[in-house]
file final_25.cif (mmCIF, C-alpha atoms)
data_start
loop_
_atom_site.group_PDB
_atom_site.id
_atom_site.type_symbol
_atom_site.label_atom_id
_atom_site.label_comp_id
_atom_site.auth_asym_id
_atom_site.auth_seq_id
_atom_site.Cartn_x
_atom_site.Cartn_y
_atom_site.Cartn_z
ATOM 1 C CA MET A 205 75.944 170.128 -36.248
ATOM 2 C CA THR A 206 76.791 169.107 -39.820
ATOM 3 C CA LYS A 207 73.830 167.975 -41.874
ATOM 4 C CA PRO A 208 74.244 164.422 -43.274
ATOM 5 C CA ALA A 209 74.950 164.158 -46.989
ATOM 6 C CA PHE A 210 72.197 161.568 -47.337
ATOM 7 C CA SER A 211 68.570 160.904 -46.457
ATOM 8 C CA GLU A 212 67.070 157.495 -45.645
ATOM 9 C CA SER A 213 63.483 156.331 -45.801
ATOM 10 C CA GLU A 214 61.603 153.077 -45.322
ATOM 11 C CA ARG A 215 60.625 151.310 -48.542
ATOM 12 C CA THR A 216 58.748 147.984 -48.716
ATOM 13 C CA LEU A 217 58.162 145.370 -51.407
ATOM 14 C CA LYS A 218 56.286 142.094 -51.736
ATOM 15 C CA SER A 219 57.704 138.662 -52.513
ATOM 16 C CA ASP A 220 55.650 135.433 -52.328
ATOM 17 C CA ASP A 221 52.926 137.333 -50.415
ATOM 18 C CA LEU A 222 55.489 138.410 -47.826
ATOM 19 C CA VAL A 223 56.308 142.026 -47.061
ATOM 20 C CA LEU A 224 60.038 142.775 -47.090
ATOM 21 C CA ARG A 225 61.154 146.016 -45.499
ATOM 22 C CA GLY A 226 64.233 147.993 -46.340
ATOM 23 C CA THR A 227 65.939 151.368 -46.549
ATOM 24 C CA LEU A 228 66.241 153.611 -49.576
ATOM 25 C CA CYS A 229 69.325 155.792 -49.147
ATOM 26 C CA LEU A 230 69.459 158.913 -51.319
ATOM 27 C CA PRO A 231 72.036 161.666 -51.738
ATOM 28 C CA GLU A 232 71.004 164.854 -49.925
ATOM 29 C CA LYS A 233 71.921 167.467 -52.502
ATOM 30 C CA GLU A 234 70.972 171.081 -52.878
ATOM 31 C CA GLY A 235 68.473 171.569 -55.649
ATOM 32 C CA SER A 236 67.006 168.578 -57.477
ATOM 33 C CA LYS A 237 70.088 166.842 -58.788
ATOM 34 C CA THR A 238 69.353 163.260 -59.837
ATOM 35 C CA PRO A 239 71.531 160.452 -58.396
ATOM 36 C CA ASP A 240 74.138 159.200 -60.839
ATOM 37 C CA ALA A 241 73.195 155.554 -60.211
ATOM 38 C CA ILE A 242 71.365 153.306 -57.770
ATOM 39 C CA VAL A 243 72.772 150.147 -56.149
ATOM 40 C CA LEU A 244 70.794 147.130 -54.912
ATOM 41 C CA MET A 245 72.629 145.464 -52.022
ATOM 42 C CA LEU A 246 72.576 141.677 -51.551
ATOM 43 C CA SER A 247 73.821 140.352 -48.224
ATOM 44 C CA GLY A 248 75.809 137.283 -47.295
ATOM 45 C CA SER A 249 74.568 134.060 -45.736
ATOM 46 C CA GLY A 250 72.835 133.919 -42.370
ATOM 47 C CA ASP A 251 69.887 135.552 -40.669
ATOM 48 C CA LEU A 252 70.884 139.113 -41.534
ATOM 49 C CA ASP A 253 68.999 142.365 -41.598
ATOM 50 C CA ARG A 254 69.391 145.172 -44.118
ATOM 51 C CA ASN A 255 72.675 146.340 -42.578
ATOM 52 C CA GLY A 256 74.305 142.903 -42.458
ATOM 53 C CA ASN A 257 73.559 142.475 -38.748
ATOM 54 C CA GLY A 258 72.527 139.196 -37.104
ATOM 55 C CA LEU A 259 71.862 138.055 -33.564
ATOM 56 C CA ARG A 260 75.455 136.986 -33.035
ATOM 57 C CA LEU A 261 77.342 139.720 -34.853
ATOM 58 C CA GLN A 262 76.681 143.348 -35.773
ATOM 59 C CA LEU A 263 78.529 143.966 -39.036
ATOM 60 C CA ASN A 264 76.965 147.269 -40.159
ATOM 61 C CA ILE A 265 78.266 146.760 -43.679
ATOM 62 C CA PHE A 266 75.518 147.956 -45.985
ATOM 63 C CA ASN A 267 74.498 151.046 -44.043
ATOM 64 C CA ALA A 268 78.149 152.158 -44.049
ATOM 65 C CA ILE A 269 78.557 151.501 -47.784
ATOM 66 C CA GLY A 270 75.175 153.030 -48.637
ATOM 67 C CA GLN A 271 75.871 156.236 -46.773
ATOM 68 C CA THR A 272 79.303 156.612 -48.373
ATOM 69 C CA LEU A 273 77.754 156.061 -51.797
ATOM 70 C CA ALA A 274 75.149 158.744 -51.086
ATOM 71 C CA GLU A 275 77.900 161.191 -50.191
ATOM 72 C CA ASN A 276 79.118 160.598 -53.751
ATOM 73 C CA ASN A 277 75.688 161.082 -55.351
ATOM 74 C CA ILE A 278 74.886 157.367 -55.657
ATOM 75 C CA ALA A 279 71.597 156.012 -54.295
ATOM 76 C CA SER A 280 71.128 152.538 -52.828
ATOM 77 C CA TYR A 281 68.549 150.138 -51.449
ATOM 78 C CA ARG A 282 69.100 147.503 -48.765
ATOM 79 C CA TYR A 283 66.475 145.232 -47.222
ATOM 80 C CA ASP A 284 65.942 142.774 -44.387
ATOM 81 C CA LYS A 285 65.967 139.153 -45.505
ATOM 82 C CA ARG A 286 62.676 137.335 -45.107
ATOM 83 C CA GLY A 287 62.207 136.345 -41.461
ATOM 84 C CA CYS A 288 64.919 138.809 -40.374
ATOM 85 C CA GLY A 289 64.782 142.337 -39.038
ATOM 86 C CA GLU A 290 61.349 143.762 -39.845
ATOM 87 C CA SER A 291 60.554 141.536 -42.857
ATOM 88 C CA ASP A 292 57.815 138.877 -42.847
ATOM 89 C CA GLY A 293 58.540 135.168 -43.061
ATOM 90 C CA ASN A 294 60.408 132.365 -41.322
ATOM 91 C CA TYR A 295 64.128 132.525 -42.054
ATOM 92 C CA LEU A 296 64.847 129.036 -40.784
ATOM 93 C CA GLU A 297 62.472 127.533 -43.376
ATOM 94 C CA THR A 298 63.762 129.704 -46.218
ATOM 95 C CA GLY A 299 65.672 128.139 -49.109
ATOM 96 C CA TYR A 300 68.351 129.766 -51.215
ATOM 97 C CA PHE A 301 65.991 130.020 -54.185
ATOM 98 C CA ASP A 302 63.442 131.780 -51.948
ATOM 99 C CA LEU A 303 66.127 134.336 -51.106
ATOM 100 C CA LEU A 304 67.059 134.637 -54.778
ATOM 101 C CA ASN A 305 63.421 135.304 -55.636
ATOM 102 C CA ASP A 306 63.299 137.978 -52.933
ATOM 103 C CA ALA A 307 66.347 139.620 -54.532
ATOM 104 C CA ARG A 308 64.641 139.386 -57.925
ATOM 105 C CA GLU A 309 61.503 141.060 -56.590
ATOM 106 C CA ALA A 310 63.596 143.746 -54.890
ATOM 107 C CA LEU A 311 65.287 144.471 -58.212
ATOM 108 C CA LYS A 312 61.963 144.668 -60.061
ATOM 109 C CA ALA A 313 60.481 146.953 -57.406
ATOM 110 C CA LEU A 314 63.519 149.234 -57.364
ATOM 111 C CA GLN A 315 63.465 149.613 -61.140
ATOM 112 C CA GLN A 316 59.866 150.901 -60.918
ATOM 113 C CA TRP A 317 60.525 153.523 -58.231
ATOM 114 C CA PRO A 318 60.718 157.124 -59.485
ATOM 115 C CA GLU A 319 64.053 157.563 -57.690
ATOM 116 C CA ALA A 320 65.580 154.950 -60.038
ATOM 117 C CA SER A 321 64.081 156.366 -63.207
ATOM 118 C CA ASN A 322 66.528 156.812 -66.090
ATOM 119 C CA ILE A 323 69.646 156.057 -64.041
ATOM 120 C CA PRO A 324 71.876 152.944 -64.146
ATOM 121 C CA VAL A 325 71.062 150.094 -61.756
ATOM 122 C CA LEU A 326 73.983 148.205 -60.207
ATOM 123 C CA LEU A 327 74.112 145.121 -58.011
ATOM 124 C CA LEU A 328 76.398 144.878 -54.989
ATOM 125 C CA GLY A 329 76.764 141.517 -53.278
ATOM 126 C CA HIS A 330 78.774 140.413 -50.274
ATOM 127 C CA SER A 331 79.762 136.720 -49.930
ATOM 128 C CA GLU A 332 76.593 134.728 -50.777
ATOM 129 C CA GLY A 333 75.207 137.921 -52.266
ATOM 130 C CA THR A 334 77.895 137.781 -54.955
ATOM 131 C CA LEU A 335 76.417 134.532 -56.270
ATOM 132 C CA MET A 336 72.932 136.047 -56.219
ATOM 133 C CA ALA A 337 74.177 139.089 -58.117
ATOM 134 C CA SER A 338 75.625 136.964 -60.904
ATOM 135 C CA MET A 339 72.530 134.750 -61.079
ATOM 136 C CA LEU A 340 70.313 137.839 -61.412
ATOM 137 C CA ALA A 341 72.664 139.271 -64.027
ATOM 138 C CA ASN A 342 72.230 136.073 -66.034
ATOM 139 C CA GLU A 343 68.443 136.446 -66.128
ATOM 140 C CA GLY A 344 68.462 139.357 -68.566
ATOM 141 C CA HIS A 345 67.355 142.155 -66.236
ATOM 142 C CA ASP A 346 68.394 145.688 -67.159
ATOM 143 C CA ILE A 347 71.507 145.786 -64.961
ATOM 144 C CA ASP A 348 74.382 148.118 -65.735
ATOM 145 C CA SER A 349 77.132 146.324 -63.780
ATOM 146 C CA GLN A 350 77.903 144.463 -60.572
ATOM 147 C CA ILE A 351 80.188 144.740 -57.542
ATOM 148 C CA LEU A 352 81.270 141.496 -55.888
ATOM 149 C CA ILE A 353 82.783 141.661 -52.397
ATOM 150 C CA ASN A 354 84.371 138.415 -51.130
ATOM 151 C CA PRO A 355 83.144 136.236 -54.008
ATOM 152 C CA PHE A 356 83.640 132.465 -54.011
ATOM 153 C CA LEU A 357 83.905 129.851 -56.765
ATOM 154 C CA ASP A 358 83.780 126.537 -54.886
ATOM 155 C CA ARG A 359 80.596 124.609 -54.174
ATOM 156 C CA LEU A 360 79.059 124.948 -50.710
ATOM 157 C CA GLU A 361 80.124 121.546 -49.347
ATOM 158 C CA LYS A 362 83.774 122.226 -50.125
ATOM 159 C CA ILE A 363 83.616 125.684 -48.570
ATOM 160 C CA ILE A 364 82.072 124.320 -45.367
ATOM 161 C CA GLU A 365 84.769 121.650 -45.107
ATOM 162 C CA GLN A 366 87.487 124.266 -45.628
ATOM 163 C CA GLN A 367 85.958 126.456 -42.926
ATOM 164 C CA ILE A 368 85.853 123.534 -40.479
ATOM 165 C CA VAL A 369 89.501 122.691 -41.157
ATOM 166 C CA SER A 370 90.444 126.349 -40.650
ATOM 167 C CA THR A 371 88.470 126.633 -37.400
ATOM 168 C CA VAL A 372 89.934 123.426 -35.985
ATOM 169 C CA ALA A 373 93.442 124.659 -36.828
ATOM 170 C CA GLU A 374 92.698 127.919 -35.001
ATOM 171 C CA LEU A 375 91.467 126.030 -31.962
ATOM 172 C CA LYS A 376 94.480 123.730 -31.892
ATOM 173 C CA ALA A 377 96.801 126.729 -32.002
ATOM 174 C CA ARG A 378 95.449 128.059 -28.713
ATOM 175 C CA THR A 379 97.792 127.807 -25.758
ATOM 176 C CA GLY A 380 97.556 127.580 -21.986
ATOM 177 C CA PHE A 381 94.955 125.723 -19.943
ATOM 178 C CA LYS A 382 92.129 126.761 -22.284
ATOM 179 C CA GLY A 383 94.098 125.472 -25.250
ATOM 180 C CA LEU A 384 94.684 122.168 -23.472
ATOM 181 C CA MET A 385 90.943 121.777 -22.793
ATOM 182 C CA ILE A 386 90.127 122.545 -26.413
ATOM 183 C CA LYS A 387 92.616 119.956 -27.673
ATOM 184 C CA LEU A 388 91.134 117.380 -25.281
ATOM 185 C CA PHE A 389 87.631 118.170 -26.504
ATOM 186 C CA LEU A 390 88.665 117.837 -30.157
ATOM 187 C CA PHE A 391 90.367 114.519 -29.421
ATOM 188 C CA VAL A 392 87.289 113.131 -27.678
ATOM 189 C CA SER A 393 84.775 114.467 -30.185
ATOM 190 C CA GLY A 394 86.552 112.960 -33.216
ATOM 191 C CA ASP A 395 86.931 113.985 -36.856
ATOM 192 C CA GLN A 396 84.938 117.210 -37.347
ATOM 193 C CA VAL A 397 85.002 117.007 -41.157
ATOM 194 C CA ALA A 398 83.629 113.462 -41.083
ATOM 195 C CA LYS A 399 80.870 114.626 -38.748
ATOM 196 C CA GLN A 400 79.950 117.438 -41.103
ATOM 197 C CA GLN A 401 79.879 115.065 -44.074
ATOM 198 C CA LYS A 402 77.484 112.833 -42.142
ATOM 199 C CA ILE A 403 75.196 115.807 -41.483
ATOM 200 C CA MET A 404 75.269 116.732 -45.183
ATOM 201 C CA LYS A 405 74.224 113.216 -46.171
ATOM 202 C CA ARG A 406 71.306 113.485 -43.785
ATOM 203 C CA VAL A 407 70.369 116.886 -45.235
ATOM 204 C CA LYS A 408 70.356 115.472 -48.768
ATOM 205 C CA ARG A 409 68.118 112.554 -47.752
ATOM 206 C CA SER A 410 65.657 114.832 -46.007
ATOM 207 C CA LYS A 411 62.800 116.686 -47.671
ATOM 208 C CA ASP A 412 62.023 118.803 -44.634
ATOM 209 C CA PRO A 413 62.887 122.514 -44.630
ATOM 210 C CA VAL A 414 64.384 122.167 -41.141
ATOM 211 C CA ILE A 415 66.100 119.256 -39.403
ATOM 212 C CA LYS A 416 67.567 119.067 -35.913
ATOM 213 C CA VAL A 417 71.173 118.135 -35.230
ATOM 214 C CA LYS A 418 71.672 117.530 -31.512
ATOM 215 C CA ARG A 419 68.558 119.622 -30.821
ATOM 216 C CA THR A 420 69.874 122.490 -32.940
ATOM 217 C CA PRO A 421 67.611 123.408 -35.894
ATOM 218 C CA VAL A 422 69.406 123.414 -39.258
ATOM 219 C CA ASN A 423 68.080 125.064 -42.423
ATOM 220 C CA ALA A 424 68.145 121.947 -44.595
ATOM 221 C CA LYS A 425 66.218 123.554 -47.462
ATOM 222 C CA TRP A 426 68.817 126.309 -47.854
ATOM 223 C CA LEU A 427 71.639 123.760 -47.789
ATOM 224 C CA ARG A 428 69.992 121.502 -50.387
ATOM 225 C CA ASP A 429 69.275 124.434 -52.695
ATOM 226 C CA HIS A 430 72.816 125.751 -52.395
ATOM 227 C CA MET A 431 74.421 122.360 -53.009
ATOM 228 C CA ASP A 432 72.701 122.222 -56.417
ATOM 229 C CA ILE A 433 74.517 125.365 -57.602
ATOM 230 C CA ASP A 434 77.937 125.554 -59.224
ATOM 231 C CA PRO A 435 79.192 129.119 -58.566
ATOM 232 C CA LEU A 436 81.942 128.774 -61.156
ATOM 233 C CA GLU A 437 79.361 127.963 -63.826
ATOM 234 C CA GLU A 438 77.088 130.844 -62.807
ATOM 235 C CA HIS A 439 79.873 133.434 -62.873
ATOM 236 C CA SER A 440 81.062 132.176 -66.263
ATOM 237 C CA LYS A 441 77.701 133.201 -67.784
ATOM 238 C CA VAL A 442 77.971 136.839 -66.689
ATOM 239 C CA ASN A 443 78.415 139.476 -69.403
ATOM 240 C CA ILE A 444 78.244 142.769 -67.508
ATOM 241 C CA PRO A 445 81.181 144.849 -66.191
ATOM 242 C CA THR A 446 82.289 143.747 -62.738
ATOM 243 C CA LEU A 447 84.293 145.037 -59.794
ATOM 244 C CA SER A 448 85.621 142.172 -57.674
ATOM 245 C CA ILE A 449 87.071 142.775 -54.198
ATOM 246 C CA GLY A 450 88.615 140.149 -51.931
ATOM 247 C CA GLY A 451 90.567 140.244 -48.699
ATOM 248 C CA SER A 452 93.905 138.581 -48.041
ATOM 249 C CA LYS A 453 92.660 137.544 -44.578
ATOM 250 C CA ASP A 454 89.287 136.202 -45.627
ATOM 251 C CA LEU A 455 88.789 132.865 -43.844
ATOM 252 C CA GLN A 456 85.371 132.099 -45.351
ATOM 253 C CA CYS A 457 85.995 132.649 -49.059
ATOM 254 C CA SER A 458 89.263 132.074 -50.888
ATOM 255 C CA PRO A 459 90.987 135.450 -51.465
ATOM 256 C CA GLU A 460 92.280 134.179 -54.812
ATOM 257 C CA ASP A 461 88.717 133.777 -56.105
ATOM 258 C CA ALA A 462 88.340 137.559 -56.266
ATOM 259 C CA LYS A 463 90.951 137.574 -59.038
ATOM 260 C CA ARG A 464 90.183 134.164 -60.560
ATOM 261 C CA ILE A 465 86.703 135.408 -61.364
ATOM 262 C CA ALA A 466 88.176 137.830 -63.910
ATOM 263 C CA SER A 467 88.994 134.912 -66.230
ATOM 264 C CA LEU A 468 85.363 133.706 -66.126
ATOM 265 C CA ILE A 469 83.234 136.791 -66.698
ATOM 266 C CA ASN A 470 82.615 137.786 -70.310
ATOM 267 C CA ALA A 471 83.017 141.513 -69.722
ATOM 268 C CA PRO A 472 85.619 143.909 -68.304
ATOM 269 C CA VAL A 473 86.575 143.011 -64.717
ATOM 270 C CA GLU A 474 88.581 145.052 -62.232
ATOM 271 C CA ALA A 475 89.825 142.773 -59.453
ATOM 272 C CA HIS A 476 91.544 143.542 -56.149
ATOM 273 C CA VAL A 477 92.695 141.530 -53.136
ATOM 274 C CA LEU A 478 93.225 143.993 -50.295
ATOM 275 C CA ASP A 479 95.982 143.265 -47.802
ATOM 276 C CA ASP A 480 94.804 142.565 -44.227
ATOM 277 C CA LEU A 481 91.115 142.719 -45.184
ATOM 278 C CA THR A 482 88.883 140.136 -43.461
ATOM 279 C CA HIS A 483 85.597 138.575 -44.550
ATOM 280 C CA ILE A 484 83.708 141.072 -42.386
ATOM 281 C CA LEU A 485 85.461 143.926 -44.221
ATOM 282 C CA ARG A 486 87.589 145.000 -41.281
ATOM 283 C CA PHE A 487 91.305 145.696 -41.376
ATOM 284 C CA ASP A 488 93.310 143.216 -39.278
ATOM 285 C CA GLU A 489 97.086 143.292 -38.950
ATOM 286 C CA GLU A 490 97.208 140.183 -36.765
ATOM 287 C CA SER A 491 96.981 136.537 -37.822
ATOM 288 C CA PRO A 492 93.483 136.014 -39.250
ATOM 289 C CA SER A 493 90.999 134.573 -36.756
ATOM 290 C CA THR A 494 87.218 134.322 -36.691
ATOM 291 C CA PHE A 495 87.408 134.445 -32.901
ATOM 292 C CA ARG A 496 88.299 138.136 -33.070
ATOM 293 C CA TYR A 497 85.355 139.121 -35.241
ATOM 294 C CA ARG A 498 83.399 140.658 -32.363
ATOM 295 C CA GLU A 499 86.413 142.754 -31.379
ATOM 296 C CA LEU A 500 86.991 143.805 -34.997
ATOM 297 C CA THR A 501 83.395 144.990 -35.412
ATOM 298 C CA GLU A 502 84.085 147.671 -32.835
ATOM 299 C CA SER A 503 85.899 149.426 -35.697
ATOM 300 C CA ASP A 504 84.336 150.759 -38.896
ATOM 301 C CA ILE A 505 84.620 148.821 -42.143
ATOM 302 C CA ASP A 506 87.881 149.295 -44.015
ATOM 303 C CA PRO A 507 87.573 152.597 -45.936
ATOM 304 C CA ARG A 508 89.503 151.091 -48.870
ATOM 305 C CA VAL A 509 86.416 149.057 -49.791
ATOM 306 C CA CYS A 510 84.191 152.114 -50.244
ATOM 307 C CA GLU A 511 86.991 154.035 -51.943
ATOM 308 C CA LEU A 512 87.361 151.302 -54.566
ATOM 309 C CA ILE A 513 83.602 151.124 -55.131
ATOM 310 C CA VAL A 514 83.157 154.878 -55.551
ATOM 311 C CA LYS A 515 86.202 155.185 -57.820
ATOM 312 C CA TRP A 516 85.066 152.270 -60.002
ATOM 313 C CA ILE A 517 81.527 153.583 -60.391
ATOM 314 C CA ALA A 518 82.982 156.966 -61.334
ATOM 315 C CA SER A 519 85.187 155.259 -63.945
ATOM 316 C CA ARG A 520 82.020 153.842 -65.481
ATOM 317 C CA GLY A 521 80.931 157.415 -66.185
ATOM 318 C CA HIS A 522 78.175 157.445 -63.572
ATOM 319 C CA THR A 523 79.523 160.263 -61.403
#

call {"tool": "encode", "arguments": {"input": "final_25.cif", "output": "structure tokens"}}
result
Amino acid sequence: MTKPAFSESERTLKSDDLVLRGTLCLPEKEGSKTPDAIVLMLSGSGDLDRNGNGLRLQLNIFNAIGQTLAENNIASYRYDKRGCGESDGNYLETGYFDLLNDAREALKALQQWPEASNIPVLLLGHSEGTLMASMLANEGHDIDSQILINPFLDRLEKIIEQQIVSTVAELKARTGFKGLMIKLFLFVSGDQVAKQQKIMKRVKRSKDPVIKVKRTPVNAKWLRDHMDIDPLEEHSKVNIPTLSIGGSKDLQCSPEDAKRIASLINAPVEAHVLDDLTHILRFDEESPSTFRYRELTESDIDPRVCELIVKWIASRGHT
């Protein structure tokens, strides 16, 4: 049996009196060779654990990336969001700025660990994590560079509306008896965008961390926090080297944003939009559809993503 080229251990940190738990992934090298760099991973939106897994979908993004990095002598740290996985807290009552503070504390903790001593620290964000990466970069921490996977430039309300329009179009395209039932339901239920706008107005009026919409709890605090942020403005303040990766079949974030971001950041940017890459970092030759996500997760993440990351870090002189 081949010995893995990496070792993983539990590593905890504190944020707002909460204990956050995560995994430190280190290269398993003969001798005492120091890692060339260490990467802090920042996950996308939703109740996700350190690997990018939630109750509804098992993405296994950050464990796959972390282990590939370790095979190339790059260390990494990934952690469960507060209220998710093994971390303390209540996710449903957690705002975006709470999550940003958790990321800040994770960065501070990582920079004090002996494994990160005297090596470059990089940020790697996926989806919402790309915004967090840039916001942390703008705070003056000692960060070498950042990697943005599926970044976005529009405000949250616009993105949600676009996602609703895309989902409705997918549903309407369905055929057969099931398609007929879906079309009937959409006709009876009315304008989905207008309904979402009504919910957003209610969220803005509320001061509660959680509201219920048809008995379903909604994280109003996170929505209000996020609606106050202009991603385009935040990215335009960044002055560290950046690798930006998008997917041509990303239905949640505009693929073009991965390249548009290059004109905003005040430092060298390498930007790619990978053909047939989805938001969940799987290769998909068919017409893009969120309804196939579960099926797609049965495959590993697209190896092109890790290849680009490793090659770019090497080009920075860290390997």

call {"tool": "residues_around", "arguments": {"input": "final_25.cif", "residues": "range 425-437 of chain A", "least_positions_apart": "3", "cutoff": "8 Å", "atoms": "all atoms listed in the file", "output": "PDB file with C-alpha atoms, keeping the file's coordinate frame"}}
result
ATOM      1  CA  GLU A 297      62.472 127.533 -43.376  1.00  0.00           C
ATOM      2  CA  THR A 298      63.762 129.704 -46.218  1.00  0.00           C
ATOM      3  CA  GLY A 299      65.672 128.139 -49.109  1.00  0.00           C
ATOM      4  CA  TYR A 300      68.351 129.766 -51.215  1.00  0.00           C
ATOM      5  CA  PHE A 301      65.991 130.020 -54.185  1.00  0.00           C
ATOM      6  CA  LEU A 335      76.417 134.532 -56.270  1.00  0.00           C
ATOM      7  CA  PHE A 356      83.640 132.465 -54.011  1.00  0.00           C
ATOM      8  CA  LEU A 357      83.905 129.851 -56.765  1.00  0.00           C
ATOM      9  CA  ASP A 358      83.780 126.537 -54.886  1.00  0.00           C
ATOM     10  CA  ARG A 359      80.596 124.609 -54.174  1.00  0.00           C
ATOM     11  CA  LEU A 360      79.059 124.948 -50.710  1.00  0.00           C
ATOM     12  CA  GLU A 361      80.124 121.546 -49.347  1.00  0.00           C
ATOM     13  CA  VAL A 407      70.369 116.886 -45.235  1.00  0.00           C
ATOM     14  CA  LYS A 408      70.356 115.472 -48.768  1.00  0.00           C
ATOM     15  CA  LYS A 411      62.800 116.686 -47.671  1.00  0.00           C
ATOM     16  CA  ASP A 412      62.023 118.803 -44.634  1.00  0.00           C
ATOM     17  CA  PRO A 413      62.887 122.514 -44.630  1.00  0.00           C
ATOM     18  CA  VAL A 414      64.384 122.167 -41.141  1.00  0.00           C
ATOM     19  CA  SER A 440      81.062 132.176 -66.263  1.00  0.00           C
ATOM     20  CA  LYS A 441      77.701 133.201 -67.784  1.00  0.00           C
ATOM     21  CA  LEU A 468      85.363 133.706 -66.126  1.00  0.00           C
TER      22      LEU A 468
END

call {"tool": "closest_residue", "arguments": {"input": "final_25.cif", "among": "A:Val509, A:Ile363, A:Leu455, A:Ala279", "to": "Thr494 in chain A", "atoms": "all atoms listed in the file"}}
result
A:Leu455

call {"tool": "closest_residue", "arguments": {"input": "final_25.cif", "among": "A:Ser448, A:Gln400, A:Ser219, A:Ser503", "to": "Pro355 in chain A", "atoms": "all atoms listed in the file"}}
result
A:Ser448

call {"tool": "atom_distance", "arguments": {"input": "final_25.cif", "atom1": "CA of Ser249 in chain A", "atom2": "CA of Asn470 in chain A"}}
result
26.1 Å

call {"tool": "atom_distance", "arguments": {"input": "final_25.cif", "atom1": "CA of Arg406 in chain A", "atom2": "CA of Ile364 in chain A"}}
result
15.4 Å

call {"tool": "resolve_selection", "arguments": {"input": "final_25.cif", "expression": "the PyMOL selection byres ((chain A and resi 240) around 9)", "output": "PyMOL selection string"}}
result
chain A and resi 237-239+241-242+276-279+323-324+521-523

call {"tool": "closest_residue", "arguments": {"input": "final_25.cif", "among": "A:Arg286, A:Pro472, A:Cys457, A:Ile505", "to": "Asn305 in chain A", "atoms": "all atoms listed in the file"}}
result
A:Arg286

call {"tool": "atom_distance", "arguments": {"input": "final_25.cif", "atom1": "CA of Leu228 in chain A", "atom2": "CA of Leu261 in chain A"}}
result
23.1 Å

call {"tool": "resolve_selection", "arguments": {"input": "final_25.cif", "expression": "the PyMOL selection byres ((chain A and resi 308) around 12)", "output": "VMD selection string"}}
result
chain A and resid 217 to 220 244 to 246 301 to 307 309 to 315 327 336 to 347

call {"tool": "write_last_selection", "arguments": {"input": "final_25.cif", "atoms": "C-alpha atoms", "output": "mmCIF file, keeping the file's coordinate frame"}}
result
data_model
loop_
_atom_site.group_PDB
_atom_site.id
_atom_site.type_symbol
_atom_site.label_atom_id
_atom_site.label_comp_id
_atom_site.auth_asym_id
_atom_site.auth_seq_id
_atom_site.Cartn_x
_atom_site.Cartn_y
_atom_site.Cartn_z
ATOM 1 C CA LEU A 217 58.162 145.370 -51.407
ATOM 2 C CA LYS A 218 56.286 142.094 -51.736
ATOM 3 C CA SER A 219 57.704 138.662 -52.513
ATOM 4 C CA ASP A 220 55.650 135.433 -52.328
ATOM 5 C CA LEU A 244 70.794 147.130 -54.912
ATOM 6 C CA MET A 245 72.629 145.464 -52.022
ATOM 7 C CA LEU A 246 72.576 141.677 -51.551
ATOM 8 C CA PHE A 301 65.991 130.020 -54.185
ATOM 9 C CA ASP A 302 63.442 131.780 -51.948
ATOM 10 C CA LEU A 303 66.127 134.336 -51.106
ATOM 11 C CA LEU A 304 67.059 134.637 -54.778
ATOM 12 C CA ASN A 305 63.421 135.304 -55.636
ATOM 13 C CA ASP A 306 63.299 137.978 -52.933
ATOM 14 C CA ALA A 307 66.347 139.620 -54.532
ATOM 15 C CA GLU A 309 61.503 141.060 -56.590
ATOM 16 C CA ALA A 310 63.596 143.746 -54.890
ATOM 17 C CA LEU A 311 65.287 144.471 -58.212
ATOM 18 C CA LYS A 312 61.963 144.668 -60.061
ATOM 19 C CA ALA A 313 60.481 146.953 -57.406
ATOM 20 C CA LEU A 314 63.519 149.234 -57.364
ATOM 21 C CA GLN A 315 63.465 149.613 -61.140
ATOM 22 C CA LEU A 327 74.112 145.121 -58.011
ATOM 23 C CA MET A 336 72.932 136.047 -56.219
ATOM 24 C CA ALA A 337 74.177 139.089 -58.117
ATOM 25 C CA SER A 338 75.625 136.964 -60.904
ATOM 26 C CA MET A 339 72.530 134.750 -61.079
ATOM 27 C CA LEU A 340 70.313 137.839 -61.412
ATOM 28 C CA ALA A 341 72.664 139.271 -64.027
ATOM 29 C CA ASN A 342 72.230 136.073 -66.034
ATOM 30 C CA GLU A 343 68.443 136.446 -66.128
ATOM 31 C CA GLY A 344 68.462 139.357 -68.566
ATOM 32 C CA HIS A 345 67.355 142.155 -66.236
ATOM 33 C CA ASP A 346 68.394 145.688 -67.159
ATOM 34 C CA ILE A 347 71.507 145.786 -64.961
#

call {"tool": "resolve_selection", "arguments": {"input": "final_25.cif", "expression": "the PyMOL selection byres ((chain A and resi 452) around 12)", "output": "CSV table (one decimal) with C-alpha atoms, keeping the file's coordinate frame"}}
result
chain,number,residue,atom,x,y,z
A,354,ASN,CA,84.4,138.4,-51.1
A,449,ILE,CA,87.1,142.8,-54.2
A,450,GLY,CA,88.6,140.1,-51.9
A,451,GLY,CA,90.6,140.2,-48.7
A,453,LYS,CA,92.7,137.5,-44.6
A,454,ASP,CA,89.3,136.2,-45.6
A,455,LEU,CA,88.8,132.9,-43.8
A,456,GLN,CA,85.4,132.1,-45.4
A,457,CYS,CA,86.0,132.6,-49.1
A,458,SER,CA,89.3,132.1,-50.9
A,459,PRO,CA,91.0,135.4,-51.5
A,460,GLU,CA,92.3,134.2,-54.8
A,461,ASP,CA,88.7,133.8,-56.1
A,462,ALA,CA,88.3,137.6,-56.3
A,463,LYS,CA,91.0,137.6,-59.0
A,476,HIS,CA,91.5,143.5,-56.1
A,477,VAL,CA,92.7,141.5,-53.1
A,478,LEU,CA,93.2,144.0,-50.3
A,479,ASP,CA,96.0,143.3,-47.8
A,480,ASP,CA,94.8,142.6,-44.2
A,481,LEU,CA,91.1,142.7,-45.2
A,482,THR,CA,88.9,140.1,-43.5
A,483,HIS,CA,85.6,138.6,-44.6
A,484,ILE,CA,83.7,141.1,-42.4
A,485,LEU,CA,85.5,143.9,-44.2
A,486,ARG,CA,87.6,145.0,-41.3
A,487,PHE,CA,91.3,145.7,-41.4
A,488,ASP,CA,93.3,143.2,-39.3
A,489,GLU,CA,97.1,143.3,-39.0
A,490,GLU,CA,97.2,140.2,-36.8
A,491,SER,CA,97.0,136.5,-37.8
A,492,PRO,CA,93.5,136.0,-39.2
